[in-house]
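K.L.:
Contents of model_13.tsv (TSV, C-alpha atoms and all ligand atoms):
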chain	number	residue	atom	x	y	z
A	91	MET	CA	0.00	0.00	0.00
A	92	ILE	CA	1.19	3.51	-0.72
A	93	LEU	CA	0.77	6.15	1.97
A	94	ILE	CA	0.80	9.65	0.53
A	95	SER	CA	1.73	12.23	3.15
A	96	THR	CA	4.61	14.36	4.42
A	97	PRO	CA	6.83	13.87	7.48
A	98	THR	CA	5.21	16.91	9.16
A	99	SER	CA	1.52	16.13	8.67
A	100	PRO	CA	-0.07	15.32	12.05
A	101	PHE	CA	-2.80	13.33	10.29
A	102	GLY	CA	-0.17	11.38	8.37
A	103	ARG	CA	1.69	10.78	11.62
A	104	LYS	CA	-1.50	9.32	13.09
A	105	VAL	CA	-1.61	6.73	10.31
A	106	LYS	CA	2.11	5.96	10.60
A	107	ILE	CA	1.94	5.40	14.36
A	108	ALA	CA	-1.11	3.17	13.94
A	109	ALA	CA	0.73	1.12	11.30
A	110	ILE	CA	3.89	0.77	13.40
A	111	VAL	CA	2.15	-0.11	16.67
A	112	HIS	CA	-0.21	-2.61	15.07
A	113	GLY	CA	2.33	-4.36	12.84
A	114	LEU	CA	1.33	-2.97	9.43
A	115	LYS	CA	4.37	-0.79	8.77
A	116	ASP	CA	6.05	-3.24	6.40
A	117	ARG	CA	3.00	-3.16	4.16
A	118	LEU	CA	3.34	0.60	3.61
A	119	THR	CA	5.46	2.49	1.12
A	120	LEU	CA	5.69	6.23	1.72
A	121	GLU	CA	5.24	8.73	-1.04
A	122	LYS	CA	5.51	12.46	-0.49
A	123	GLY	CA	2.44	14.51	-1.37
A	124	ASP	CA	2.15	18.26	-1.81
A	125	PRO	CA	-1.25	19.89	-1.25
A	126	TRP	CA	-0.03	23.19	-2.70
A	127	THR	CA	0.90	21.90	-6.17
A	128	GLN	CA	-1.85	21.34	-8.73
A	129	GLY	CA	-1.66	17.94	-10.38
A	130	ASP	CA	0.44	16.47	-7.57
A	131	ILE	CA	-0.03	12.79	-6.73
A	132	LEU	CA	-1.96	13.88	-3.65
A	133	SER	CA	-4.77	15.68	-5.49
A	134	ARG	CA	-4.77	12.98	-8.18
A	135	THR	CA	-5.40	10.46	-5.43
A	136	ASN	CA	-7.66	12.47	-3.12
A	137	PRO	CA	-9.67	15.13	-5.01
A	138	LEU	CA	-9.78	17.12	-1.77
A	139	GLY	CA	-5.99	17.46	-1.97
A	140	LYS	CA	-5.60	16.57	1.70
A	141	MET	CA	-3.15	14.15	3.20
A	142	PRO	CA	-2.90	11.41	4.14
A	143	ALA	CA	-4.31	9.27	1.36
A	144	LEU	CA	-3.71	5.55	1.04
A	145	VAL	CA	-3.58	3.60	-2.20
A	146	LEU	CA	-4.51	-0.02	-1.57
A	147	ASP	CA	-2.90	-2.99	-3.30
A	148	ASP	CA	-5.81	-3.15	-5.78
A	149	GLY	CA	-5.32	0.53	-6.69
A	150	LYS	CA	-8.28	1.86	-4.71
A	151	ALA	CA	-7.61	5.20	-3.02
A	152	ILE	CA	-8.96	5.77	0.48
A	153	TYR	CA	-8.99	8.80	2.77
A	154	ASP	CA	-9.24	10.46	5.25
A	155	SER	CA	-7.01	9.41	8.16
A	156	GLY	CA	-9.99	8.09	10.14
A	157	VAL	CA	-11.14	5.93	7.23
A	158	ILE	CA	-7.58	4.65	6.84
A	159	LEU	CA	-7.47	3.62	10.51
A	160	ASP	CA	-10.84	1.94	10.16
A	161	TYR	CA	-9.44	0.06	7.15
A	162	PHE	CA	-6.33	-0.96	9.12
A	163	ASP	CA	-8.65	-2.59	11.65
A	164	THR	CA	-9.99	-4.87	8.91
A	165	LEU	CA	-6.42	-6.12	8.34
A	166	LEU	CA	-5.94	-7.08	11.99
A	167	GLU	CA	-7.14	-10.20	13.74
A	168	ARG	CA	-9.52	-8.01	15.71
A	169	PRO	CA	-10.06	-4.24	15.65
A	170	LYS	CA	-7.47	-2.40	17.73
A	171	LEU	CA	-7.93	1.16	16.49
A	172	PHE	CA	-11.69	1.24	17.03
A	173	PRO	CA	-12.11	-1.71	19.43
A	174	VAL	CA	-15.58	-3.21	19.25
A	175	GLU	CA	-16.23	-3.07	23.00
A	176	ARG	CA	-15.64	0.69	23.18
A	177	ARG	CA	-16.13	1.73	19.58
A	178	LEU	CA	-18.44	4.68	20.24
A	179	ASP	CA	-16.21	6.25	22.92
A	180	THR	CA	-13.15	5.74	20.72
A	181	GLN	CA	-14.89	7.33	17.74
A	182	VAL	CA	-15.78	10.39	19.81
A	183	MET	CA	-12.24	10.69	21.20
A	184	HIS	CA	-10.90	10.32	17.67
A	185	VAL	CA	-13.15	13.11	16.40
A	186	LEU	CA	-12.24	15.36	19.33
A	187	ALA	CA	-8.49	14.89	18.90
A	188	SER	CA	-8.70	15.18	15.10
A	189	GLY	CA	-10.82	18.32	15.52
A	190	LEU	CA	-8.04	19.80	17.64
A	191	MET	CA	-5.68	19.14	14.76
A	192	ASP	CA	-8.15	20.73	12.31
A	193	ALA	CA	-8.40	23.87	14.46
A	194	GLY	CA	-4.61	23.93	14.85
A	195	ILE	CA	-4.18	23.63	11.09
A	196	LEU	CA	-6.62	26.48	10.46
A	197	ILE	CA	-4.63	28.69	12.84
A	198	ALA	CA	-1.35	27.73	11.20
A	199	TYR	CA	-2.72	28.36	7.69
A	200	GLU	CA	-4.18	31.72	8.75
A	201	ARG	CA	-0.76	32.77	10.02
A	202	LEU	CA	1.45	31.18	7.41
A	203	ARG	CA	-0.56	31.01	4.21
A	204	ARG	CA	-2.32	34.37	4.21
A	205	PRO	CA	-0.60	37.71	3.75
A	206	ASP	CA	-0.28	39.51	7.11
A	207	GLU	CA	-2.90	42.13	6.16
A	208	PHE	CA	-5.50	39.37	5.63
A	209	CYS	CA	-4.71	37.52	8.85
A	210	TYR	CA	-7.93	37.79	10.89
A	211	GLN	CA	-7.35	37.54	14.64
A	212	PRO	CA	-11.02	36.90	15.61
A	213	TRP	CA	-10.91	33.79	13.42
A	214	ILE	CA	-7.71	32.63	15.12
A	215	ASP	CA	-9.32	33.30	18.52
A	216	HIS	CA	-12.38	31.28	17.47
A	217	GLN	CA	-10.13	28.30	16.70
A	218	LEU	CA	-8.07	28.83	19.86
A	219	ALA	CA	-11.27	28.60	21.93
A	220	LYS	CA	-11.79	25.11	20.47
A	221	LEU	CA	-8.28	24.13	21.53
A	222	ARG	CA	-8.82	25.47	25.05
A	223	ARG	CA	-12.23	23.81	25.50
A	224	GLY	CA	-10.91	20.57	24.09
A	225	LEU	CA	-7.75	20.48	26.20
A	226	GLU	CA	-9.70	21.49	29.30
A	227	HIS	CA	-12.09	18.59	28.68
A	228	LEU	CA	-9.21	16.19	28.02
A	229	THR	CA	-7.47	17.18	31.25
A	230	LYS	CA	-10.27	15.34	33.04
A	231	ASN	CA	-11.24	12.85	30.34
A	232	ALA	CA	-8.01	11.74	28.64
A	233	PRO	CA	-7.91	8.30	27.03
A	234	ASP	CA	-5.73	5.54	28.51
A	235	PRO	CA	-2.15	6.43	27.45
A	236	GLN	CA	-1.16	2.75	27.62
A	237	VAL	CA	-3.54	1.89	24.78
A	238	ALA	CA	-2.85	2.88	21.17
A	239	ASP	CA	-6.29	3.29	19.64
A	240	ALA	CA	-7.55	5.91	17.19
A	241	GLY	CA	-8.32	8.34	20.01
A	242	SER	CA	-5.05	8.22	21.92
A	243	ILE	CA	-2.89	8.16	18.79
A	244	SER	CA	-4.70	11.21	17.40
A	245	LEU	CA	-4.42	13.08	20.69
A	246	ALA	CA	-0.67	12.46	20.82
A	247	CYS	CA	-0.33	13.72	17.23
A	248	ALA	CA	-2.37	16.85	18.02
A	249	LEU	CA	-0.11	17.69	20.97
A	250	GLY	CA	2.99	17.01	18.89
A	251	TYR	CA	1.61	19.35	16.23
A	252	PHE	CA	1.08	22.14	18.80
A	253	ASP	CA	4.69	21.68	19.94
A	254	TRP	CA	5.78	22.38	16.38
A	255	ARG	CA	3.45	25.17	15.28
A	256	LYS	CA	2.96	26.66	18.76
A	257	GLN	CA	-0.69	27.58	18.31
A	258	ILE	CA	-1.06	27.30	22.08
A	259	ASP	CA	1.34	26.95	25.01
A	260	TRP	CA	-0.39	23.72	26.00
A	261	ARG	CA	2.52	22.46	28.13
A	262	LYS	CA	2.13	25.46	30.45
A	263	GLU	CA	-1.65	25.73	30.37
A	264	TYR	CA	-2.47	22.00	30.63
A	265	PRO	CA	0.26	20.25	32.65
A	266	ALA	CA	-1.85	17.09	33.00
A	267	MET	CA	-1.55	16.67	29.24
A	268	VAL	CA	2.24	16.85	29.51
A	269	ASP	CA	2.12	13.85	31.83
A	270	TRP	CA	-0.32	12.15	29.49
A	271	LEU	CA	1.95	12.59	26.44
A	272	HIS	CA	4.97	11.44	28.42
A	273	ALA	CA	3.11	8.26	29.38
A	274	PHE	CA	1.93	7.66	25.80
A	275	SER	CA	5.34	8.27	24.21
A	276	SER	CA	7.03	6.04	26.79
A	277	ALA	CA	4.55	3.25	26.08
A	278	PHE	CA	4.76	3.71	22.31
A	279	PRO	CA	8.22	4.60	20.89
A	280	ALA	CA	6.48	4.99	17.51
A	281	PHE	CA	5.51	8.47	18.65
A	282	ASP	CA	9.11	9.70	18.89
A	283	ALA	CA	10.13	7.62	15.90
A	284	THR	CA	7.67	9.53	13.69
A	285	LYS	CA	8.70	13.00	14.86
A	286	ALA	CA	9.59	15.11	11.83
A	287	GLU	CA	12.77	17.11	11.57
A	288	HIS	CA	11.65	20.71	11.39
B	301	LIG	N1	-9.84	15.05	7.74
B	301	LIG	C1	-8.54	14.90	7.12
B	301	LIG	C2	-7.71	16.14	7.39
B	301	LIG	C3	-6.39	16.09	6.66
B	301	LIG	C4	-5.69	17.45	6.57
B	301	LIG	O1	-6.26	18.50	6.89
B	301	LIG	N2	-4.42	17.41	6.12
B	301	LIG	C5	-3.69	18.64	5.91
B	301	LIG	C6	-2.22	18.46	6.21
B	301	LIG	S1	-1.89	17.85	7.81
B	301	LIG	C7	-3.77	18.99	4.42
B	301	LIG	O2	-3.61	18.13	3.59
B	301	LIG	N3	-4.02	20.25	4.12
B	301	LIG	C8	-4.05	20.78	2.81
B	301	LIG	C9	-5.35	21.43	2.46
B	301	LIG	O3	-6.22	21.55	3.35
B	301	LIG	O4	-5.50	21.80	1.31
B	301	LIG	C10	-7.87	13.63	7.66
B	301	LIG	O5	-8.22	13.17	8.76
B	301	LIG	O6	-7.03	13.03	6.95
Translate this structure into structure tokens?
Ligand SMILES: N[C@@H](CCC(=O)N[C@@H](CS)C(=O)NCC(=O)O)C(=O)O

P.N.:
Amino acid sequence: MILISTPTSPFGRKVKIAAIVHGLKDRLTLEKGDPWTQGDILSRTNPLGKMPALVLDDGKAIYDSGVILDYFDTLLERPKLFPVERRLDTQVMHVLASGLMDAGILIAYERLRRPDEFCYQPWIDHQLAKLRRGLEHLTKNAPDPQVADAGSISLACALGYFDWRKQIDWRKEYPAMVDWLHAFSSAFPAFDATKAEH
């Protein structure tokens, strides 16, 4: 299977960690995608031009990262990313953590992709409020850091993304999440192994 992404994409990192932890890494070949270049392999594979996208062995293209994780589960003996016995809770945690990444990406694009004079602070603040509400909620309702399911993997990738793009000083504002990420990264070396060089 061909995984189209970049080393820095937090959504791509989610898929890579899932593949490493659950023994699917050797079935993946990585190909670099570029969402900013028309006609790139990424937009030829996913019309939305978003990464990651996965090309299966039969040539079928699947996306987004959540669908890819759901597909990975079908390759395992039993679902590990969305375990049957707590599927609903895991789906909600996955959406929450992925939504944090979405909000973080919108902030980063507003700052980096728009000319300074078009950078709209109220929009950034609107996204920041999502990060604060989400991280506040997670401080009391974090997933088990010893389990690598779709929720915990996505949360770790969201925090790693905030470390890079610095949308929020989450380490200072939410110290419980620092402990959480330490526990997750200690349990799953795949987290550090997929850290991009910036
Ligand atoms: N819902 C998608 C989100 C993916 C996403 O936003 N990826 C970013 C990079 S990390 C991207 O490709 N952005 C380019 C764009 O939005 O055009 C997923 O879970 O895969």

K.L.:
What does the structure give for the distance between atom CA of A:Glu263 and atom CA of A:Met183, in Å to one decimal?

P.N.:
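Result for atom CA of A:Glu263 versus atom CA of A:Met183: 20.6 Å, one decimal.
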
K.L.:
Which protein, DNA or RNA residues have an atom within 8 Å of ligand LIG 301 (chain B), counting only C-alpha atoms and all ligand atoms, as a list in words?

P.N.:
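If we count only C-alpha atoms and all ligand atoms, the neighbours of ligand LIG 301 (chain B) turn out to be Ser95, Thr98, Ser99, Pro100, Phe101, Gly102, Asp124, Pro125, Trp126, Leu138, Gly139, Lys140, Met141, Pro142, Ala143, Tyr153, Asp154, Ser155, Gly156, Val157, Ser188, Met191, Asp192 and Ile195 of chain A.
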
K.L.:
Using all atoms listed in the file, find the one residue out of A:Pro97, A:Leu165, A:Ala280, A:Asp160 that sits nearest to A:Arg117.

P.N.:
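Nearest to A:Arg117: A:Leu165.
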
K.L.:
Looking at A:Phe162, A:Asn231, A:Asp259, A:Ala246, which one is nearest to A:Asp282, with distances taken over only C-alpha atoms?

P.N.:
A:Ala246

K.L.:
Which of these, A:Lys285, A:Arg134, A:Lys122, A:Arg203, has the shortest distance to A:Ala151 once you count only C-alpha atoms?

P.N.:
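Smallest distance to A:Ala151 is found for A:Arg134.
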
K.L.:
Quick check, in Å to one decimal: how far apart do atom CA of A:Ala277 and atom CA of A:Phe172 lie?

P.N.:
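So the two atoms, atom CA of A:Ala277 and atom CA of A:Phe172, lie 18.7 Å apart.
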
K.L.:
Check the smallest atom-to-atom distance from each of A:Gly194, A:Pro235, A:Pro205, A:Gly241 to A:Trp260 using all atoms listed in the file, then report the winner.

P.N.:
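Closest to A:Trp260, using all atoms listed in the file: A:Gly194.
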
K.L.:
Using all atoms listed in the file, which residues of stretch 207-257 of chain A come within 10 Å of stretch 272-276 of chain A, and what is the closest atom pair for each, with the distance in Å to one decimal? Give it as JSON lines, sorted by chain and residue number.

P.N.:
{"residue": "A:Pro233", "atom": "CA", "partner": "A:Phe274", "partner_atom": "CA", "distance": 9.9}
{"residue": "A:Asp234", "atom": "CA", "partner": "A:Phe274", "partner_atom": "CA", "distance": 8.4}
{"residue": "A:Pro235", "atom": "CA", "partner": "A:Phe274", "partner_atom": "CA", "distance": 4.6}
{"residue": "A:Gln236", "atom": "CA", "partner": "A:Phe274", "partner_atom": "CA", "distance": 6.1}
{"residue": "A:Val237", "atom": "CA", "partner": "A:Phe274", "partner_atom": "CA", "distance": 8.0}
{"residue": "A:Ala238", "atom": "CA", "partner": "A:Phe274", "partner_atom": "CA", "distance": 8.2}
{"residue": "A:Ser242", "atom": "CA", "partner": "A:Phe274", "partner_atom": "CA", "distance": 8.0}
{"residue": "A:Ile243", "atom": "CA", "partner": "A:Phe274", "partner_atom": "CA", "distance": 8.5}
{"residue": "A:Leu245", "atom": "CA", "partner": "A:Phe274", "partner_atom": "CA", "distance": 9.8}
{"residue": "A:Ala246", "atom": "CA", "partner": "A:Phe274", "partner_atom": "CA", "distance": 7.4}

K.L.:
Could you work out how far atom CA of A:Met91 lies from atom CA of A:Asp148, giving the answer in Å with one decimal?

P.N.:
8.8 Å

K.L.:
Taking only C-alpha atoms into account, which of A:Leu202, A:Ala193, A:Ala109, A:Ala240 comes nearest A:Gln217?

P.N.:
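When distances to A:Gln217 are compared using only C-alpha atoms, the smallest one comes from A:Ala193.
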
K.L.:
Under the rule that only C-alpha atoms are counted, which of A:Glu200, A:Glu287, A:Asp239, A:Glu175 is the nearest residue to A:His112?

P.N.:
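Ranking A:Glu200, A:Glu287, A:Asp239, A:Glu175 by distance to A:His112, first place goes to A:Asp239.
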
K.L.:
Quick one: 8 Å padding each side, axis-aligned, all listed atoms of stretch 151-167 of chain A - centre and edge lengths in Å to one decimal, as JSON?

P.N.:
{"center_x": -8.5, "center_y": 0.1, "center_z": 5.4, "size_x": 21.2, "size_y": 36.7, "size_z": 32.8}
